[in-house]
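Engineer: Please see the structure below; I have some questions.
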Amino acid sequence: MEKTYNELQITPSSEYPLFLDFIMSLSDEAIEEKESTIILRSEDNLEMVLFGTETFAKELSSVLGKDIHLETKLLVKENEDWIAQYRNSVQPLHVNDFYIRPTWVENFEGKKNIIIDPALAFGSGHHETTYGCLLLLQKYVKEGTTLLDVGCGSGILSITARKCGAIVDLCDTDEQATDSATQNFELNHESFHRIWTGSVQKRDQAYDVVVANIIADVLIMLSSDLQKAVKEGGLLILSGILDKYVDKVEHKFSSMKLVEKYQKEEWFTLVLQRN
């Protein structure tokens with residue numbers, strides 16, 4: 001082990017989810033989120049990650065037509081066993097019948113355990129949007145339900161649906177995500193029907209339930225394809241929606257019936273039914 005490691009702290013003034021996704025695409029190191037700050041630690045040099053993120057902020061400012069600035073710190077620290085410290089900071093999560101835990105935490109008897117390692121995955125259930133989806137999937141998914149997980153990330157939502165008895169397909173435009181989801185299905189001794197790298201347009205059937213935990217702008221962009229992916233009378237679960245965008249998303253999907261609207265902190269999850 002090296003005597004020192006590098007720590008990069010990035011606090012964007014806005015569009016936090018976009019920066020988190022971007023930084024995760026640049027590095028496979030463990031990422032910590034703390035009070036709107038993204039913290040990346042590595043024994044490798046992180047200057048190129050910093051440069052890439054600053055460039056991304058400028059491009060995003062131009063595209064969105066608003067000033068997005070970053071507060072950044074690039075530090076060199078004494079190398080304690082920060083991986084162990086990080087593991088100790090990760091708390092397992094109870095969501096009704098489910099217990100979401102990393103590999104280094106023991107099973108919880110009497111609950112359905114899902115194993116997700118946050119340091120290696122794209123979603124561990126702790127974010128408000130994922131939590132909302134986990135709650136609602138348990139409510140609406142039954143034995144034999146066909147389900148598509150769009151933007152699957154770690155696969156946590158489709159693993160949950162599978163443990164509720166669903167027949168699941170999943171997709172993500174990021175190959176690292178589909179690889180991670182495949183590994184997590186194996187880790188949890190579960191199976192999926194089909195997985196692909198790409199978006200919802202590559203589907204070959206319609207589903208009883210489609211879940212998409214992405215960001216509002218992408219949900220709006222994919223609105224037509226997401227709705228077509230749902231069978232008549234089926235459900236579309238949308239999440240990743242900040243409170244300031246929820247009306248805009250509801251309007252875009254107004255041809256569907258609003259069944260349920262769940263809020264946790266400033267994040268919304270919607271359940272819509274195709275007429």
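In the structure tokens, chains take letters A, B, ... by order of appearance, with residues numbered from 1 within each chain and ligands from 1 in the order shown.
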Which residues are near range 105-114 of chain A? Cut-off 10 Å, only C-alpha atoms, ignore same chain within fewer than 5 positions. Put them as an NGL selection string.

Structural biologist: :A and (87-88 or 90-100 or 124 or 156 or 159-160 or 163-164 or 184-185 or 187-189)

Engineer: Quick check for you: according to DSSP on this backbone, which residues of range 110-181 of chain A are classed as helix (DSSP H, G or I)? Reply as a ChimeraX atom specification.

Structural biologist: /A:128-140,156-163,175-181

Engineer: Calculated over only C-alpha atoms, which of the candidates A:Val49, A:Thr72, A:Ile31, A:Leu170 has the smallest distance to His193 in chain A?

Structural biologist: A:Leu170

Engineer: Within 12 Å of Leu18 in chain A, counting only C-alpha atoms, which residues show up once you throw out same-chain ones fewer than 3 positions away? Write them as a short mmCIF file (atom, residue, chain, number, x, y, z; two decimals) with all heavy atoms, in the first residue's frame, please.

Structural biologist:
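And here is the file that came out, selection-v1.cif:
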```
data_model
loop_
_atom_site.label_atom_id
_atom_site.label_comp_id
_atom_site.auth_asym_id
_atom_site.auth_seq_id
_atom_site.Cartn_x
_atom_site.Cartn_y
_atom_site.Cartn_z
N PRO A 12 -20.83 20.58 -7.17
CA PRO A 12 -21.43 21.39 -8.24
C PRO A 12 -22.53 22.30 -7.69
O PRO A 12 -23.23 21.94 -6.75
CB PRO A 12 -22.00 20.35 -9.20
CG PRO A 12 -22.25 19.15 -8.37
CD PRO A 12 -21.27 19.18 -7.23
N SER A 13 -22.69 23.46 -8.30
CA SER A 13 -23.73 24.40 -7.84
C SER A 13 -25.12 23.92 -8.21
O SER A 13 -26.10 24.32 -7.58
CB SER A 13 -23.48 25.79 -8.45
OG SER A 13 -23.51 25.74 -9.87
N SER A 14 -25.24 23.08 -9.24
CA SER A 14 -26.52 22.51 -9.64
C SER A 14 -26.28 21.28 -10.51
O SER A 14 -25.14 20.96 -10.82
CB SER A 14 -27.38 23.54 -10.40
OG SER A 14 -26.74 23.92 -11.60
N GLU A 15 -27.36 20.60 -10.88
CA GLU A 15 -27.31 19.41 -11.75
C GLU A 15 -26.43 18.30 -11.15
O GLU A 15 -25.70 17.61 -11.86
CB GLU A 15 -26.84 19.78 -13.16
CG GLU A 15 -27.61 20.89 -13.81
CD GLU A 15 -29.10 20.59 -13.97
OE1 GLU A 15 -29.45 19.41 -14.08
OE2 GLU A 15 -29.90 21.55 -13.98
N ASP A 21 -23.18 10.99 -12.40
CA ASP A 21 -23.13 10.02 -13.49
C ASP A 21 -21.86 10.19 -14.32
O ASP A 21 -21.22 9.21 -14.71
CB ASP A 21 -24.35 10.18 -14.41
CG ASP A 21 -25.62 9.66 -13.76
OD1 ASP A 21 -25.52 8.95 -12.75
OD2 ASP A 21 -26.71 9.98 -14.26
N PHE A 22 -21.49 11.46 -14.58
CA PHE A 22 -20.30 11.72 -15.40
C PHE A 22 -19.04 11.21 -14.70
O PHE A 22 -18.20 10.54 -15.32
CB PHE A 22 -20.19 13.22 -15.69
CG PHE A 22 -18.95 13.59 -16.47
CD1 PHE A 22 -18.88 13.35 -17.83
CD2 PHE A 22 -17.85 14.17 -15.84
CE1 PHE A 22 -17.74 13.67 -18.55
CE2 PHE A 22 -16.72 14.49 -16.56
CZ PHE A 22 -16.66 14.25 -17.93
N ILE A 23 -18.90 11.52 -13.42
CA ILE A 23 -17.69 11.11 -12.69
C ILE A 23 -17.62 9.59 -12.58
O ILE A 23 -16.54 9.00 -12.70
CB ILE A 23 -17.66 11.78 -11.30
CG1 ILE A 23 -17.45 13.30 -11.47
CG2 ILE A 23 -16.55 11.20 -10.43
CD1 ILE A 23 -17.70 14.10 -10.23
N MET A 24 -18.76 8.94 -12.40
CA MET A 24 -18.77 7.48 -12.34
C MET A 24 -18.38 6.87 -13.67
O MET A 24 -17.82 5.77 -13.72
CB MET A 24 -20.16 6.99 -11.91
CG MET A 24 -20.50 7.31 -10.47
SD MET A 24 -22.15 6.76 -9.97
CE MET A 24 -21.89 5.02 -9.81
N SER A 25 -18.63 7.59 -14.76
CA SER A 25 -18.23 7.08 -16.07
C SER A 25 -16.73 7.24 -16.31
O SER A 25 -16.15 6.57 -17.16
CB SER A 25 -19.01 7.80 -17.19
OG SER A 25 -18.54 9.13 -17.36
N ILE A 38 -19.26 15.22 -4.08
CA ILE A 38 -18.81 13.93 -4.58
C ILE A 38 -17.34 13.77 -4.19
O ILE A 38 -16.52 14.65 -4.51
CB ILE A 38 -18.97 13.85 -6.11
CG1 ILE A 38 -20.43 14.09 -6.49
CG2 ILE A 38 -18.48 12.51 -6.64
CD1 ILE A 38 -20.63 14.44 -7.95
N THR A 53 -14.00 16.92 -15.40
CA THR A 53 -15.22 17.41 -14.75
C THR A 53 -15.38 18.92 -14.95
O THR A 53 -16.50 19.41 -15.17
CB THR A 53 -15.19 17.07 -13.25
OG1 THR A 53 -14.93 15.67 -13.08
CG2 THR A 53 -16.52 17.41 -12.59
N PHE A 56 -16.60 19.35 -18.43
CA PHE A 56 -18.01 18.95 -18.48
C PHE A 56 -18.90 20.06 -17.94
O PHE A 56 -19.97 20.35 -18.51
CB PHE A 56 -18.20 17.67 -17.66
CG PHE A 56 -19.62 17.18 -17.60
CD1 PHE A 56 -20.22 16.61 -18.71
CD2 PHE A 56 -20.34 17.28 -16.42
CE1 PHE A 56 -21.53 16.15 -18.65
CE2 PHE A 56 -21.65 16.83 -16.36
CZ PHE A 56 -22.24 16.27 -17.47
N ALA A 57 -18.47 20.72 -16.86
CA ALA A 57 -19.26 21.82 -16.28
C ALA A 57 -19.42 22.97 -17.27
O ALA A 57 -20.50 23.55 -17.40
CB ALA A 57 -18.60 22.32 -14.99
N LEU A 60 -21.81 21.78 -20.03
CA LEU A 60 -23.18 21.70 -19.51
C LEU A 60 -23.77 23.10 -19.32
O LEU A 60 -24.95 23.32 -19.62
CB LEU A 60 -23.17 20.95 -18.18
CG LEU A 60 -24.51 20.42 -17.66
CD1 LEU A 60 -25.15 19.46 -18.64
CD2 LEU A 60 -24.32 19.74 -16.31
N SER A 61 -22.96 24.05 -18.87
CA SER A 61 -23.41 25.43 -18.73
C SER A 61 -23.87 25.98 -20.07
O SER A 61 -24.89 26.66 -20.18
CB SER A 61 -22.29 26.31 -18.16
OG SER A 61 -21.94 25.90 -16.87
N ILE A 68 -23.01 27.12 -14.31
CA ILE A 68 -22.81 26.05 -13.33
C ILE A 68 -21.35 26.10 -12.90
O ILE A 68 -20.45 25.95 -13.73
CB ILE A 68 -23.12 24.66 -13.94
CG1 ILE A 68 -24.57 24.61 -14.44
CG2 ILE A 68 -22.87 23.56 -12.91
CD1 ILE A 68 -24.90 23.35 -15.21
N ILE A 214 -34.28 7.40 -13.81
CA ILE A 214 -33.26 8.16 -14.52
C ILE A 214 -33.40 9.61 -14.04
O ILE A 214 -33.79 9.84 -12.90
CB ILE A 214 -33.45 8.01 -16.06
CG1 ILE A 214 -33.80 6.55 -16.43
CG2 ILE A 214 -32.20 8.40 -16.81
CD1 ILE A 214 -34.07 6.30 -17.90
N ILE A 215 -33.13 10.59 -14.86
CA ILE A 215 -33.37 11.98 -14.50
C ILE A 215 -34.50 12.52 -15.35
O ILE A 215 -34.82 11.98 -16.42
CB ILE A 215 -32.10 12.85 -14.65
CG1 ILE A 215 -31.60 12.84 -16.09
CG2 ILE A 215 -31.01 12.38 -13.70
CD1 ILE A 215 -30.46 13.81 -16.34
N ALA A 216 -35.12 13.60 -14.89
CA ALA A 216 -36.34 14.11 -15.52
C ALA A 216 -36.16 14.39 -17.01
O ALA A 216 -37.02 14.03 -17.82
CB ALA A 216 -36.81 15.36 -14.78
N ASP A 217 -35.07 15.03 -17.37
CA ASP A 217 -34.87 15.39 -18.78
C ASP A 217 -34.83 14.16 -19.68
O ASP A 217 -35.37 14.17 -20.79
CB ASP A 217 -33.57 16.19 -18.96
CG ASP A 217 -33.69 17.61 -18.43
OD1 ASP A 217 -34.83 18.06 -18.24
OD2 ASP A 217 -32.65 18.25 -18.22
N VAL A 218 -34.20 13.09 -19.21
CA VAL A 218 -34.13 11.86 -20.01
C VAL A 218 -35.48 11.17 -20.06
O VAL A 218 -35.88 10.63 -21.09
CB VAL A 218 -33.04 10.92 -19.46
CG1 VAL A 218 -33.00 9.62 -20.25
CG2 VAL A 218 -31.68 11.60 -19.50
N GLY A 240 -36.37 9.52 -10.18
CA GLY A 240 -35.26 10.40 -10.51
C GLY A 240 -35.75 11.81 -10.79
O GLY A 240 -35.09 12.58 -11.48
#
```

Engineer: Using backbone DSSP assignments, extract all strand (DSSP E or B) residues from range 34-153 of chain A; output them as a PyMOL selection string.

Structural biologist: chain A and resi 34+37-42+70-78+93-95+98-101+112-115+146-150

Engineer: I'd like to know which of A:Ile115, A:Leu74, A:Leu134, A:Val168 is closest to Glu47 in chain A, using only C-alpha atoms.

Structural biologist: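 Among A:Ile115, A:Leu74, A:Leu134, A:Val168, it is A:Leu74 that comes nearest to Glu47 in chain A.
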
Engineer: What does the distance between CA of Ile220 in chain A and CA of Lys58 in chain A come to in Å, to one decimal place?

Structural biologist: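 The value is 23.5 Å.
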
Engineer: Report, in Å to a single decimal, how far apart CA of Asn79 in chain A and CA of Lys3 in chain A are.

Structural biologist: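 One can read the CA of Lys3 in chain A to CA of Asn79 in chain A distance as 5.2 Å.
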
Engineer: Skipping near chain neighbours, those fewer than 5 positions away, what residues fall within 10 Å of Gln273 in chain A using only C-alpha atoms, listed as a list in words?

Structural biologist: Asp208, Val209, Gln227, Val230, Lys231, Glu232, Gly233, Gly234, Leu235, Leu236, Ile237, Phe253, Ser255, Met256, Lys257, Leu258, Val259 and Glu260 of chain A

Engineer: How would the residues just picked look written out with C-alpha atoms as a PDB file, in the first residue's frame?

Structural biologist:
```
ATOM      1  CA  ASP A 208     -46.837  -5.352 -17.503  1.00  0.00           C
ATOM      2  CA  VAL A 209     -44.505  -2.968 -15.654  1.00  0.00           C
ATOM      3  CA  GLN A 227     -45.166   4.560 -22.903  1.00  0.00           C
ATOM      4  CA  VAL A 230     -46.074  -0.703 -21.441  1.00  0.00           C
ATOM      5  CA  LYS A 231     -48.939  -3.079 -22.196  1.00  0.00           C
ATOM      6  CA  GLU A 232     -52.472  -1.676 -22.209  1.00  0.00           C
ATOM      7  CA  GLY A 233     -53.527  -1.496 -18.581  1.00  0.00           C
ATOM      8  CA  GLY A 234     -49.890  -1.877 -17.502  1.00  0.00           C
ATOM      9  CA  LEU A 235     -47.879   0.390 -15.221  1.00  0.00           C
ATOM     10  CA  LEU A 236     -44.987   2.773 -15.768  1.00  0.00           C
ATOM     11  CA  ILE A 237     -42.923   3.657 -12.685  1.00  0.00           C
ATOM     12  CA  PHE A 253     -47.051  11.696 -19.573  1.00  0.00           C
ATOM     13  CA  SER A 255     -52.052  10.587 -21.617  1.00  0.00           C
ATOM     14  CA  MET A 256     -51.527   8.029 -18.836  1.00  0.00           C
ATOM     15  CA  LYS A 257     -53.509   7.781 -15.602  1.00  0.00           C
ATOM     16  CA  LEU A 258     -51.659   8.876 -12.467  1.00  0.00           C
ATOM     17  CA  VAL A 259     -52.058   5.990  -9.998  1.00  0.00           C
ATOM     18  CA  GLU A 260     -49.663   7.056  -7.243  1.00  0.00           C
TER      19      GLU A 260
END
```
